[in-house]
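Have a look at entry-v7.cif below; it lists mmCIF, C-alpha atoms.
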data_input
#
loop_
_atom_site.label_atom_id
_atom_site.label_comp_id
_atom_site.auth_asym_id
_atom_site.auth_seq_id
_atom_site.Cartn_x
_atom_site.Cartn_y
_atom_site.Cartn_z
CA ALA X 226 0.00 0.00 0.00
CA LEU X 227 2.92 2.35 0.61
CA GLU X 228 3.83 2.25 -3.07
CA VAL X 229 0.81 4.49 -3.74
CA LEU X 230 2.81 7.36 -2.25
CA ARG X 231 5.31 6.97 -5.10
CA ASN X 232 2.66 7.05 -7.83
CA PRO X 233 2.35 10.64 -9.12
CA GLY X 234 -1.07 9.96 -10.62
CA ARG X 235 -2.45 8.81 -7.30
CA THR X 236 -0.96 11.66 -5.26
CA ALA X 237 -1.54 14.52 -7.71
CA PHE X 238 -4.56 15.78 -5.77
CA LEU X 239 -2.41 16.16 -2.65
CA ARG X 240 0.10 18.31 -4.51
CA GLU X 241 -2.56 20.29 -6.36
CA ALA X 242 -4.43 21.06 -3.13
CA GLY X 243 -1.19 22.18 -1.52
CA VAL X 244 -1.36 19.47 1.14
CA PHE X 245 2.07 18.01 0.32
CA THR X 246 4.97 18.76 -1.97
CA ASP X 247 6.79 16.05 -3.92
CA ARG X 248 9.55 16.16 -1.35
CA GLU X 249 7.12 15.78 1.56
CA LEU X 250 5.45 12.80 -0.13
CA ALA X 251 8.82 11.18 -0.71
CA SER X 252 9.76 11.79 2.91
CA ARG X 253 6.49 10.28 4.16
CA TYR X 254 7.12 7.23 2.00
CA VAL X 255 10.62 6.70 3.41
CA VAL X 256 9.48 7.15 7.02
CA ALA X 257 6.50 4.79 6.57
CA LEU X 258 8.74 2.20 4.90
CA GLU X 259 11.27 2.36 7.74
CA ARG X 260 8.48 2.04 10.31
CA TYR X 261 7.03 -0.98 8.51
CA ILE X 262 10.42 -2.70 8.30
CA LYS X 263 11.13 -2.12 12.00
CA GLN X 264 7.67 -3.26 13.07
CA VAL X 265 7.64 -6.50 11.06
CA THR X 266 11.21 -7.31 12.04
CA LEU X 267 10.41 -6.79 15.72
CA GLU X 268 7.23 -8.90 15.44
CA ALA X 269 9.15 -11.71 13.71
CA GLU X 270 11.96 -11.70 16.25
CA THR X 271 9.47 -11.68 19.13
CA LEU X 272 7.53 -14.55 17.59
CA VAL X 273 10.67 -16.66 17.19
CA GLU X 274 11.67 -15.93 20.79
CA MET X 275 8.22 -16.84 22.17
CA LEU X 276 8.07 -20.02 20.13
CA SER X 277 11.61 -21.02 21.13
CA THR X 278 11.30 -20.25 24.83
CA HIS X 279 7.66 -21.07 25.60
CA VAL X 280 5.76 -22.99 22.93
CA ILE X 281 8.35 -25.51 21.72
CA PRO X 282 9.55 -26.44 25.25
CA ALA X 283 5.91 -26.96 26.34
CA GLY X 284 5.34 -29.16 23.30
CA GLU X 285 8.47 -31.15 24.06
CA LYS X 286 7.31 -31.78 27.63
CA GLN X 287 3.91 -32.91 26.38
CA LEU X 288 5.50 -35.12 23.75
CA ALA X 289 7.67 -36.80 26.39
CA GLU X 290 4.69 -37.35 28.70
CA SER X 291 2.50 -38.69 25.91
CA ALA X 292 5.27 -41.00 24.68
CA THR X 293 5.70 -42.33 28.23
CA ALA X 294 1.96 -42.93 28.48
CA LEU X 295 2.02 -44.71 25.13
CA SER X 296 4.76 -47.04 26.37
CA ALA X 297 2.69 -47.81 29.47
CA VAL X 298 -0.45 -48.80 27.54
CA GLU X 299 0.98 -50.69 24.58
CA SER X 300 -0.82 -53.83 25.77
CA VAL X 301 -4.19 -52.07 25.33
CA PRO X 302 -4.60 -51.65 21.54
CA ALA X 303 -7.38 -49.02 21.57
CA ALA X 304 -5.54 -46.80 24.04
CA ALA X 305 -2.25 -47.33 22.21
CA ARG X 306 -3.77 -46.26 18.87
CA ALA X 307 -5.27 -43.13 20.41
CA LEU X 308 -2.04 -42.13 22.14
CA GLU X 309 -0.01 -42.99 19.07
CA GLY X 310 -2.08 -40.49 17.07
CA ARG X 311 -1.59 -37.86 19.76
CA VAL X 312 2.17 -38.41 19.90
CA LYS X 313 2.36 -38.19 16.12
CA ALA X 314 0.31 -34.96 16.04
CA ILE X 315 2.44 -33.30 18.71
CA GLY X 316 5.65 -34.41 17.00
CA THR X 317 4.46 -33.13 13.62
CA LEU X 318 3.52 -29.74 15.06
CA LEU X 319 6.84 -29.46 16.89
CA GLY X 320 8.62 -30.17 13.62
CA GLU X 321 6.59 -27.46 11.89
CA LEU X 322 7.42 -24.98 14.65
CA VAL X 323 11.15 -25.66 14.69
CA THR X 324 11.28 -25.47 10.89
CA GLY X 325 9.15 -22.32 10.97
CA CYS X 326 11.43 -20.61 13.50
CA ASP X 327 14.49 -21.44 11.42
CA ARG X 328 12.78 -20.17 8.26
CA ILE X 329 11.63 -16.91 9.85
CA HIS X 330 15.09 -16.29 11.32
CA LYS X 331 16.72 -16.93 7.93
CA LEU X 332 14.25 -14.74 6.02
CA VAL X 333 14.60 -11.84 8.48
CA GLY X 334 18.37 -12.08 8.13
CA GLU X 335 18.07 -11.99 4.34
CA ALA X 336 15.70 -9.02 4.52
CA GLU X 337 18.01 -7.12 6.85
CA GLY X 338 20.89 -7.83 4.47
CA THR X 339 18.99 -6.13 1.66
CA HIS X 340 20.17 -2.54 1.42
CA ASP X 341 17.21 -1.48 -0.70
CA GLU X 342 14.41 -0.66 1.77
CA THR X 343 11.69 -1.24 -0.81
CA LYS X 344 13.00 -4.75 -1.55
CA CYS X 345 13.42 -5.40 2.16
CA ALA X 346 9.80 -4.40 2.88
CA ARG X 347 8.58 -6.50 -0.05
CA LYS X 348 10.44 -9.57 1.29
CA LEU X 349 8.98 -9.00 4.73
CA ALA X 350 5.47 -8.71 3.31
CA ASP X 351 5.69 -11.55 0.79
CA GLU X 352 7.78 -14.11 2.69
CA VAL X 353 8.24 -13.30 6.37
CA ARG X 354 4.62 -12.49 7.23
CA PRO X 355 3.28 -15.71 5.62
CA ALA X 356 5.95 -17.73 7.45
CA MET X 357 4.91 -16.06 10.70
CA ALA X 358 1.26 -16.90 10.02
CA ALA X 359 2.11 -20.55 9.35
CA ALA X 360 4.10 -20.79 12.59
CA ARG X 361 1.24 -19.17 14.46
CA ARG X 362 -1.25 -21.70 13.07
CA ALA X 363 0.99 -24.58 14.18
CA ALA X 364 1.37 -23.04 17.66
CA ASP X 365 -2.39 -22.60 17.95
CA ARG X 366 -2.95 -26.27 17.08
CA LEU X 367 -0.26 -27.36 19.54
CA GLU X 368 -1.83 -25.24 22.28
CA ARG X 369 -4.91 -27.48 22.14
CA LEU X 370 -2.79 -30.60 22.70
CA VAL X 371 -0.59 -29.41 25.56
CA ASP X 372 -1.60 -29.74 29.20
CA ASP X 373 -2.45 -26.43 30.89
CA GLU X 374 0.28 -26.95 33.49
CA ALA X 375 2.96 -27.24 30.83
CA TRP X 376 1.75 -24.25 28.80
CA SER X 377 3.41 -21.14 30.27
CA LEU X 378 1.46 -18.61 28.20
CA PRO X 379 -2.21 -17.75 28.68
CA LYS X 380 -4.40 -19.93 26.46
CA TYR X 381 -7.10 -18.35 24.31
CA ARG X 382 -9.93 -19.67 26.44
CA GLU X 383 -8.21 -18.26 29.54
CA MET X 384 -8.00 -14.83 27.93
CA LEU X 385 -11.61 -14.93 26.79
CA PHE X 386 -13.16 -16.36 29.93
CA VAL X 387 -11.78 -15.36 33.30
CA LYS X 388 -11.59 -18.33 35.64
#
Mind converting the file's structure to C-alpha cells?
Amino acid sequence: ALEVLRNPGRTAFLREAGVFTDRELASRYVVALERYIKQVTLEAETLVEMLSTHVIPAGEKQLAESATALSAVESVPAAARALEGRVKAIGTLLGELVTGCDRIHKLVGEAEGTHDETKCARKLADEVRPAMAAARRAADRLERLVDDEAWSLPKYREMLFVK
C-alpha cells in the first residue's frame, strides 16, 4: 500500500491542493517504509523468541509425557492407537514450529541484508509475514494438545473467559 505514495497519478490531488509537496510525499514514504520494516522485524523476532522459549519447550514436555503414556499402555490396543495419534500430532507440530522458526530467522536475516528498503519491505510482506502466520497456526494447534500446566502462556480460552 505504501507504493501508492510513489505514484504521481495517485498523489496529484495532494500536490494540487497544496497538502504536500513532492519532497514531503517522498519523505512520508521513506518514514512509513522504515516504520514498517522495523515493526515487522520486531514482530518476527518476538515470535521466534516466544516459540523457542515457551511454545516448543511446552510441546516437548507434552511429547515426552504422551510417549511415556504410550509405552505404558501398549498392551491395550485401543488406548495405544489413540495415544499414538496424539504423539504423532504433537511431533508433527513441533517439527513445523522448529522449521518455521528457522525459516523466519533466515528470512529476516536476508531481509536485513537487503540494502534497498523497498525490496526489504517486499520480502517481509511476501515471505516473512506468511511464514509467521504458518508458525502461528501450528502453535495454535499445539496449544490445544498441551496440558495447561505445561503451557506457560495464557491460552485463548483463559484470555476470553476469566476463571
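Selection check: the PyMOL selection byres ((chain X and resi 337) around 12) on the shown file gives Glu259, Ile262, Lys263, Val265, Thr266, Leu267, His330, Lys331, Leu332, Val333, Gly334, Glu335, Ala336, Gly338, Thr339, His340, Asp341, Glu342, Thr343, Lys344, Cys345, Ala346, Arg347, Lys348, Leu349 and Val353 of chain X.
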List as a ChimeraX atom specification: which residues have an atom within 12 Å of (-1.4, -37.6, 16.0), counting all atoms listed in the file? /X:288,291-292,305-319,366-367,370
Between CA of Tyr381 in chain X and CA of Arg260 in chain X, what is the distance in Å, rounded to a tenth?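 Distance reported for this atom pair: 29.2 Å.
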Please enumerate the residues selected by the PyMOL selection byres ((chain X and resi 325) around 8) when evaluated against the supplied file, formatted as a count of residues only. 12
Could you please determine the separation between CA of Ala251 in chain X and CA of Leu230 in chain X in Å, to one decimal place?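 Distance reported for this atom pair: 7.3 Å.
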Given all atoms listed in the file as the basis, pick out the residue of X:Ala226, X:Ala269, X:Val244, X:Leu239 nearest to Ala257 in chain X.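 Ranked by minimum distance to Ala257 in chain X, first place goes to X:Ala226.
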How many Å lie between CA of Leu227 in chain X and CA of Val273 in chain X, rounded to one decimal?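 A separation of 26.4 Å between them.
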Axis-aligned box over every listed atom of range 303-307 of chain X, padded by 8 Å per side: centre and edges in Å to one decimal, as JSON?
{"center_x": -4.8, "center_y": -46.1, "center_z": 21.5, "size_x": 21.1, "size_y": 21.9, "size_z": 21.2}
Check the smallest atom-to-atom distance from each of X:Val280, X:Val229, X:Ala358, X:Leu295 to Lys380 in chain X using only C-alpha atoms, then report the winner. X:Val280
Which is closer to Thr246 in chain X than all the others in X:Pro233, X:Pro302, X:Pro355, X:Gly320, using all atoms listed in the file?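 Smallest separation from Thr246 in chain X among the options: X:Pro233.
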Pick from X:Gly284, X:Phe386, X:Arg231, X:Ala237, whichever lies nearest to Ser252 in chain X using only C-alpha atoms: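 Of the candidates, the smallest distance to Ser252 in chain X is held by X:Arg231.
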Which residues, written as a list of chain:residue names, have at least one atom at most 12 Å from His279 in chain X, with all atoms listed in the file counted and residues fewer than 5 positions away on the same chain left out?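 Skipping anything fewer than 5 positions along the chain leaves X:Thr271, X:Leu272, X:Val273, X:Glu274, X:Gly284, X:Glu285, X:Lys286, X:Leu322, X:Ala364, X:Leu367, X:Glu368, X:Val371, X:Ala375, X:Trp376, X:Ser377, X:Leu378, X:Pro379.
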